[in-house]
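Here's the structure, in structure tokens; my notes come after.
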Amino acid sequence: MKKTAEIVVIGGGVIGTSIAYFLSKRGKKVVLVEREDLASGSSGACDIDIILQSKNPGIHLKLAMASAELYKSLSQELDFDIEYENTGGMILIEDEEQLKVMKEFVKKQKAIGLQVDLLDFKEASKLQKGLAPHLVGATYSPQDAHVNPMSLCIGFAQAAAKLGAEISLDTAIVDIKTAKGRVKSVVTNRGEIETETVVNAAGVFAPEICAMVGMSVPIKPRRGQIIVTEPVPKLVMGDVLCAKYIVAKYNPKLLEGSDDPETRLGVGLSLSQTRNGNILIGGCREFVGYNWSTTYEALTTILKHATRLVPALKEIHAIRSFAGLRPYTPDGLPLLGPVEGIEGFIMAAGHEGDGIALSPITGKIISDIILEGKTFIDIAPLSPGRFGNTEKIKAVS
Amino acid sequence: MKEEYICRCEEITREEIEKAIADGATTLSGIKKRTRAGMGLCQGRTCRRLITQMLSKVKDPAEITPPTSRPPVRAIKIGEIVEGEDD
Amino acid sequence: MNTTEIAIIGAGPAGLSCAVEAARAGVKVTVLDENLKPGGQLFKQIHKFFGSREHKAGIRGFRIGEQLLEETEKLGVEVLLNSTVYGLYEDKLIAYIKDGRDHTLKAKKIVIATGASENALAFPGCTLPGVMGAGAAQTMINVNRVLPGQKIIMVGSGNVGLIVSYQLMQAGADVVALIEAAPKIGGYGVHAAKIRRAGVPIFVSTTIKEVLGEEKVEGVITVELDEKWKPVDGTEKQFEADTVCLAVGLSPLTELAWMAGCEFTYIPALGGHVPIHDRNMETTLTGIYVAGDITGVEEASSAMEEGRLAGVACAESLGYYDEQKAAELKEEIWERLDALRTGPFGEGRFSAKLKQLNARRLLA
Amino acid sequence: MTQKTGVLYQGYPSEQELSGAPGVPSDERIKKGPVAFIECVQEIPCNPCEEACPYGAITVGKPITNLPKLDEEKCIGCGTCIAACPGLAIFMLNGSKQKAEVSFPYEYYPLPQKGDVVDCVDREGKLVVKGTVLRVVKSPRYDATAVLTVEVPMKYIKIVRSIKRLGRS
């Protein structure tokens, strides 16, 4: 039997569920289709940071600041505890060279209105105990926060369902049918759904969905690995990164071919402590394709780096590690908005390591675009076709 | 009658797990995401079989496989991992 | 990074037997075990083993452990104790902690002999101090010489439940009752008879409804079950007890096999999901073998035979035995294994292992 | 719940199970003098009793799950098999005297002394009669399994199978 929906959202991660919620809130009949379970992709294999400081000054940081605002009231709005906490965040600085880079970064961020300061070692130690004495200082922003990404997905999905959305788990997309340049229906392993609007929020699998409409997008999986500790009393003040994390994130070319494993693996500290007390110790950035393995080299390199900056971690037991794939794009910005040449096919993927921070604002933007054709900010820099990849789109009937 | 704990490490009761199944969880990872059962020190060695029995009311136990198995399979002090053999 | 020819993870009956068999063929063998003493289950098994002379029947478990240790020392097997293997990585790299430092080991062949862990049971009060696995209680009394309590309720009538009840009494405790949820006793009648004539009542079709006590176990309420295993109201009984031992089966410790990428099959009679292996005990990953309870929960006697099988197969694949010599040795071991898997108790495991071997053929 | 009888339900062999077991001697033989009484009624893979008997009076053969068969003529009641049985399922009965003598494996401490008056129990551990300890054999070959012999009234020769553990309240 043929089902119909006004909008089909593909992907049960923090992006897809947010979009489903924001559209349902505005009366749209949404069907969210997820191949496995909510948060079973990158959203279930990441850290918990909503960090603004790591965003590139410009539209990236503006989106993150807008998103941070939405987060403040989200638990109440969803009537679901997403474990949101406005903890603040720091970026540890190890040497003078890094200090120079961070001074520049902070200046640009302040210009855009981010509250962030440069602290010396003494001030930094007041905020975060157990820092290594050789550190030269740290940045600090009270606006950084964290959230439980899995609870976020479940919270968004349950709230969307209450507003009439259908959450269809264990449902794989087989094909997307188009005619005369318009989306006609979505074929899944549980039947076909007629719809005129499809939102591709499939994260690292977005290219697979795009291929169904003859489009190629430069979203590549970029593996990260995280080590989880036993629950311990409060130790980490909030989101604690290091300057190397920033460098690794925005300069992949710098990392290739280096013989120092920390550089080659794009290792950068990303420390946060869940409400339950487990500490997440990250991270790294590697282009290894669709490979979710955890590696011995990453485990030892990440932990050596982390304990060099925060020696206090040495006394704690590691109980788990995991790997996740970030949907990387060449310019570090997501692909948001309609695809030229195919009516009703909306992109919402490619958030690299910022999916958690940008989840609420992506939901708002995509719902604005679908309902009003525009949103509070010019999203041209995020256009899916900006990489010149939309010429031969399967627009034939 | 006292609470009945299925996951001892994270103190998750039978009721919480039944709710997660009712909310649509069909795998051990799905229950782990929704309740934290299996996230503790023993990484599911104690509760995995009990939860599988609960899940087997809605799913064939042969298809109920554990979440991805990851190092470390024992709780290891981080200081010992970074203290390599060559250091 | 250390290297060796065969790395065996787990120095229990399976691991040690495998080491002896392989070392006897001349192979360089390294055994890793997280405990301070090798032998796994053997050193708490103070009862005499079943089987025939070749299975070392009539000898107490811990003495078999001592014999195996002597053989490993004589044959120059490297036994790394206090060595916790925490990762088996993609390129067969073994990562372990020994004496507080991180090490890695590369081996041509890896034998995973990590055994099984005790199943838990959930009931109100199951987290009270005094509720423990029967195996744990057995370790306490026979290895650590500490009594877990005085008045003990044993849950489960398999061989573990029966034998540990007997050994708890030998250690000076009283077993107030043994309860079994199934309608009949699971373990050997001779083990049941030992505890019945020592005054231990056995209640079949009975399970725990609740364990009483605030800080620790103070009592147990049991309830009877109908044929559909549903509690029957009004059949509650209350016992005074300070300890509840759970002997409700074991599950294979398969984390390392899953991590390495071995394929599994689901066989409840063997303890659930078990790695698929062939007649050489080799898994679906060439060079990675399994032996003992990790690949099907049986008893120590079968574990030792599977260990020997893996040892011979590894030696053969490394060229230390020619095909003909290896075939002879393997045939002998298979005969001893088959002998253990006969009779009303053994044939269930025989057909289960057959199913496991067939799963390998289907994949080949 | 009515308790069904038999080893699978009560944990010890019923009368019928014993009468059918090949390891159980005839009443006549028991009257003639000491003889092994093998309460092994389940086919488990096990044969140490066969090799322990110096007189070849016990046969298991192949497969080793066969129940042990007692040749009551060859058996002289030496008791070596009692401690050899991993299942502690072999006893020695002597019905040739005024009172019955029952020998059984005993692995508890403290051990009774020769001449002690002890509480003799049946297969359910119930006290049935007081008895006197005739012998306590603790040979190294038995590897920590002591073999006790108690003297009890003849009518209990097929009932008494052990004694209450000493030093218990």
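By convention in this document, the chains of the structure tokens carry letters A, B, ... by their order, each chain's residues are numbered from 1, and ligands are numbered from 1 in the order they are shown.
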Review point. Chain C residues within 8 Å of chain B, counting only C-alpha atoms: which ones, as number ranges by chain?
Key: C: 1, 84-88, 97, 100-103, 117, 119-127, 210, 255-256, 258-259, 265-266, 273
Point to revise | Distance filter 10 Å, only C-alpha atoms, chain A against chain C, as number ranges by chain | key: A: 293-296, 300, 319
Practice item. Using only C-alpha atoms, find the residues of chain D whose closest atom to chain C is at most 9 Å away, then write them as a ChimeraX atom specification. Key: /D:1,3,7-13,39-49,51,63-66,84-89,107-109,121-126,143,161-165,168
Next, write the just-selected residues to a file, as a compact mmCIF listing (two decimals), in the first residue's frame, keeping N, CA and C atoms as the atom set.
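Produced file out30.txt, reproduced below:
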# COMPACT_ATOMS: atom_id res chain seq x y z
N MET D 1 3.22 -29.16 45.27
CA MET D 1 3.86 -29.91 44.16
C MET D 1 4.24 -31.30 44.73
N GLN D 3 6.32 -34.37 45.05
CA GLN D 3 7.70 -34.66 44.63
C GLN D 3 7.72 -35.99 43.88
N VAL D 7 16.21 -40.21 40.63
CA VAL D 7 17.42 -39.40 40.78
C VAL D 7 17.24 -38.02 40.14
N LEU D 8 16.44 -37.93 39.07
CA LEU D 8 16.29 -36.64 38.39
C LEU D 8 15.47 -35.64 39.21
N TYR D 9 14.65 -36.16 40.12
CA TYR D 9 13.77 -35.26 40.88
C TYR D 9 14.20 -35.13 42.33
N GLN D 10 14.65 -36.27 42.94
CA GLN D 10 15.01 -36.22 44.37
C GLN D 10 16.51 -36.17 44.57
N GLY D 11 17.26 -36.43 43.50
CA GLY D 11 18.71 -36.31 43.66
C GLY D 11 19.37 -37.57 44.18
N TYR D 12 18.57 -38.63 44.37
CA TYR D 12 19.21 -39.91 44.72
C TYR D 12 18.37 -41.02 44.07
N PRO D 13 19.02 -42.15 43.77
CA PRO D 13 18.31 -43.22 43.03
C PRO D 13 17.13 -43.77 43.84
N GLU D 39 25.98 -47.35 43.40
CA GLU D 39 24.71 -46.64 43.13
C GLU D 39 24.90 -45.70 41.94
N CYS D 40 25.27 -46.30 40.79
CA CYS D 40 25.51 -45.49 39.59
C CYS D 40 24.44 -45.85 38.57
N VAL D 41 23.49 -44.93 38.38
CA VAL D 41 22.30 -45.27 37.58
C VAL D 41 22.18 -44.41 36.32
N GLN D 42 23.17 -43.46 36.15
CA GLN D 42 23.06 -42.60 34.95
C GLN D 42 24.26 -42.84 34.05
N GLU D 43 24.05 -42.82 32.73
CA GLU D 43 25.16 -43.09 31.79
C GLU D 43 26.01 -41.83 31.64
N ILE D 44 26.99 -41.69 32.53
CA ILE D 44 27.90 -40.54 32.37
C ILE D 44 29.26 -41.07 31.92
N PRO D 45 29.98 -40.28 31.17
CA PRO D 45 31.28 -40.74 30.63
C PRO D 45 32.31 -40.85 31.74
N CYS D 46 32.47 -42.07 32.29
CA CYS D 46 33.35 -42.18 33.48
C CYS D 46 33.67 -43.65 33.73
N ASN D 47 34.99 -43.99 33.95
CA ASN D 47 35.28 -45.42 34.23
C ASN D 47 36.41 -45.65 35.23
N PRO D 48 36.77 -44.73 36.11
CA PRO D 48 37.86 -45.02 37.07
C PRO D 48 37.58 -46.23 37.96
N CYS D 49 36.30 -46.54 38.23
CA CYS D 49 36.00 -47.71 39.10
C CYS D 49 36.53 -48.99 38.44
N GLU D 51 39.10 -49.48 36.50
CA GLU D 51 40.56 -49.66 36.60
C GLU D 51 41.02 -49.75 38.05
N PRO D 63 31.09 -47.86 25.09
CA PRO D 63 31.65 -46.55 25.47
C PRO D 63 31.69 -46.39 26.98
N ILE D 64 32.45 -45.40 27.44
CA ILE D 64 32.67 -45.32 28.89
C ILE D 64 31.43 -44.78 29.61
N THR D 65 30.34 -44.58 28.81
CA THR D 65 29.09 -44.16 29.49
C THR D 65 28.31 -45.39 29.97
N ASN D 66 28.79 -46.62 29.63
CA ASN D 66 28.08 -47.82 30.14
C ASN D 66 28.05 -47.78 31.67
N ALA D 84 37.88 -44.39 44.75
CA ALA D 84 38.27 -44.10 43.35
C ALA D 84 37.13 -43.44 42.59
N CYS D 85 35.92 -43.64 43.06
CA CYS D 85 34.76 -43.12 42.28
C CYS D 85 34.65 -41.61 42.45
N PRO D 86 34.81 -40.86 41.32
CA PRO D 86 34.71 -39.39 41.41
C PRO D 86 33.34 -38.94 41.92
N GLY D 87 32.33 -39.81 41.70
CA GLY D 87 30.98 -39.40 42.10
C GLY D 87 30.65 -39.81 43.52
N LEU D 88 31.61 -40.46 44.23
CA LEU D 88 31.39 -40.95 45.61
C LEU D 88 30.11 -41.77 45.67
N ALA D 89 29.92 -42.63 44.64
CA ALA D 89 28.63 -43.35 44.53
C ALA D 89 28.78 -44.82 44.88
N GLU D 107 34.32 -37.08 53.09
CA GLU D 107 35.35 -36.05 52.83
C GLU D 107 35.13 -34.79 53.65
N TYR D 108 34.63 -34.98 54.90
CA TYR D 108 34.43 -33.80 55.76
C TYR D 108 35.41 -33.88 56.94
N TYR D 109 35.68 -32.71 57.50
CA TYR D 109 36.44 -32.71 58.77
C TYR D 109 35.49 -32.23 59.85
N VAL D 121 22.75 -41.51 58.76
CA VAL D 121 21.65 -40.88 58.00
C VAL D 121 21.36 -41.66 56.73
N ASP D 122 20.12 -41.40 56.21
CA ASP D 122 19.73 -42.10 54.97
C ASP D 122 20.11 -41.23 53.76
N ARG D 123 19.60 -41.59 52.58
CA ARG D 123 19.99 -40.88 51.34
C ARG D 123 19.46 -39.44 51.32
N GLU D 124 18.55 -39.11 52.25
CA GLU D 124 18.08 -37.72 52.31
C GLU D 124 18.72 -36.97 53.47
N GLY D 125 19.72 -37.62 54.10
CA GLY D 125 20.41 -36.96 55.20
C GLY D 125 19.62 -36.98 56.49
N LYS D 126 18.52 -37.78 56.53
CA LYS D 126 17.71 -37.84 57.77
C LYS D 126 18.36 -38.84 58.73
N ASP D 143 43.71 -40.25 48.18
CA ASP D 143 43.82 -38.81 47.89
C ASP D 143 42.69 -38.02 48.59
N ARG D 161 23.55 -44.41 54.52
CA ARG D 161 24.55 -44.16 53.46
C ARG D 161 25.62 -43.14 53.91
N SER D 162 25.44 -42.58 55.09
CA SER D 162 26.48 -41.64 55.57
C SER D 162 26.21 -41.32 57.03
N ILE D 163 26.94 -40.34 57.57
CA ILE D 163 26.68 -39.93 58.96
C ILE D 163 26.52 -38.42 58.98
N LYS D 164 25.94 -37.90 60.04
CA LYS D 164 25.82 -36.45 60.17
C LYS D 164 27.22 -35.89 60.35
N ARG D 165 27.50 -34.73 59.74
CA ARG D 165 28.84 -34.13 59.88
C ARG D 165 29.06 -33.79 61.35
N ARG D 168 28.66 -30.12 64.21
CA ARG D 168 27.65 -29.17 63.71
C ARG D 168 26.65 -28.92 64.83
Practice item. With a distance cut-off of 7 Å and only C-alpha atoms, select the neighbouring residues of Arg135 (chain D), excluding the residue or stretch itself and same-chain residues fewer than 4 positions from it, and output the selection as a ChimeraX atom specification. Key: /D:114,148-149
**Study point:** Contacts of Val152 (chain D) at 9 Å (only C-alpha atoms; same-chain gap of 5+ positions) as a list in words
**Key:** Lys99, Ala100, Glu101, Val102, Cys120, Val129, Lys130, Gly131, Thr132, Ile157 and Val160 of chain D
Practice item. Just need the residues of chain A within 9 Å of chain B, counting only C-alpha atoms, so spit them out as a PyMOL selection string. Key: chain A and resi 37-40+44+150-151+154+158+169+229-231+293-296+299-301+303-304+307+311+313-322
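Residue neighbourhood of region 84-90 of chain A, excluding near-sequence residues (fewer than 6 positions): Ala138, Thr139, Tyr140, Ser141, Pro142, Gln143, Asp144, Ala145, His146, Val147, Asn148, Met237, Gly238, Asp239, Val240 and Leu241 of chain A, at 7 Å, using only C-alpha atoms.
Take CA of Pro275 (chain C) and CA of Asp322 (chain C): the distance between them is 27.1 Å.
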Practice item. Would you mind listing what lies within 8 Å of Ile15 (chain A) as JSON, numbers by chain, with only C-alpha atoms counted and same-chain residues fewer than 2 positions away left out? Key: {"A": [11, 12, 13, 17, 18, 19, 201, 348, 349, 355, 359, 360, 362, 363]}
Those same residues - all heavy atoms - I'd like them written as a tab-separated table (two decimals), in the first residue's frame.
chain	number	residue	atom	x	y	z
A	11	GLY	N	17.55	9.72	7.93
A	11	GLY	CA	18.66	9.80	8.90
A	11	GLY	C	18.13	10.09	10.30
A	11	GLY	O	17.43	11.09	10.49
A	12	GLY	N	18.49	9.18	11.27
A	12	GLY	CA	17.99	9.32	12.65
A	12	GLY	C	19.04	9.88	13.60
A	12	GLY	O	19.02	9.59	14.80
A	13	GLY	N	19.96	10.68	13.09
A	13	GLY	CA	20.98	11.27	13.97
A	13	GLY	C	20.50	12.62	14.50
A	13	GLY	O	19.33	12.99	14.38
A	17	THR	N	16.76	14.14	13.29
A	17	THR	CA	15.68	14.21	14.29
A	17	THR	C	15.34	15.67	14.59
A	17	THR	O	14.18	16.03	14.81
A	17	THR	CB	16.13	13.51	15.60
A	17	THR	OG1	17.40	14.05	16.01
A	17	THR	CG2	16.23	12.01	15.42
A	18	SER	N	16.34	16.53	14.54
A	18	SER	CA	16.08	17.95	14.80
A	18	SER	C	15.18	18.52	13.70
A	18	SER	O	14.17	19.19	13.97
A	18	SER	CB	17.42	18.72	14.82
A	18	SER	OG	17.18	20.11	14.77
A	19	ILE	N	15.50	18.17	12.45
A	19	ILE	CA	14.69	18.66	11.32
A	19	ILE	C	13.26	18.12	11.43
A	19	ILE	O	12.28	18.87	11.29
A	19	ILE	CB	15.35	18.23	9.98
A	19	ILE	CG1	16.68	18.97	9.78
A	19	ILE	CG2	14.40	18.48	8.80
A	19	ILE	CD1	17.55	18.40	8.68
A	201	ALA	N	19.58	13.80	5.47
A	201	ALA	CA	20.34	14.07	6.71
A	201	ALA	C	21.09	12.80	7.10
A	201	ALA	O	21.05	12.37	8.26
A	201	ALA	CB	19.37	14.49	7.81
A	348	ALA	N	21.15	18.26	4.05
A	348	ALA	CA	21.41	18.70	5.44
A	348	ALA	C	22.46	17.76	6.01
A	348	ALA	O	22.18	16.92	6.87
A	348	ALA	CB	20.12	18.64	6.24
A	349	ALA	N	23.66	17.87	5.48
A	349	ALA	CA	24.71	16.95	5.95
A	349	ALA	C	26.07	17.60	5.73
A	349	ALA	O	26.16	18.63	5.07
A	349	ALA	CB	24.64	15.63	5.17
A	355	GLY	N	28.30	18.58	14.36
A	355	GLY	CA	26.89	18.17	14.26
A	355	GLY	C	26.13	18.42	15.54
A	355	GLY	O	25.00	18.92	15.52
A	359	SER	N	23.08	21.09	15.64
A	359	SER	CA	21.84	20.32	15.43
A	359	SER	C	20.58	21.19	15.52
A	359	SER	O	19.80	21.26	14.56
A	359	SER	CB	21.78	19.18	16.47
A	359	SER	OG	20.46	18.76	16.71
A	360	PRO	N	20.35	21.92	16.60
A	360	PRO	CA	19.11	22.70	16.66
A	360	PRO	C	18.99	23.73	15.54
A	360	PRO	O	17.96	23.84	14.87
A	360	PRO	CB	19.18	23.39	18.03
A	360	PRO	CG	20.15	22.61	18.84
A	360	PRO	CD	21.14	22.07	17.85
A	362	THR	N	20.32	23.73	12.61
A	362	THR	CA	20.09	23.12	11.29
A	362	THR	C	18.62	22.77	11.15
A	362	THR	O	18.00	22.99	10.09
A	362	THR	CB	20.95	21.83	11.17
A	362	THR	OG1	22.31	22.19	11.35
A	362	THR	CG2	20.74	21.17	9.82
A	363	GLY	N	18.01	22.29	12.25
A	363	GLY	CA	16.57	21.97	12.21
A	363	GLY	C	15.76	23.21	11.87
A	363	GLY	O	14.88	23.20	10.99
Point to revise | Secondary structure check, helix (DSSP H, G or I) residues of region 122-306 of chain A, as a PyMOL selection string | key: chain A and resi 122-127+149-162+203-211+243-250+252-255+261-264+296-306
Practice item. Write down as number ranges by chain the residues of region 137-381 of chain A whose backbone DSSP state falls under strand (DSSP E or B). Key: A: 137-141, 145-146, 166-168, 173-179, 182-189, 191-194, 197-200, 220-229, 239-242, 270-273, 279-282, 286, 317-328, 335-338, 343, 345-349
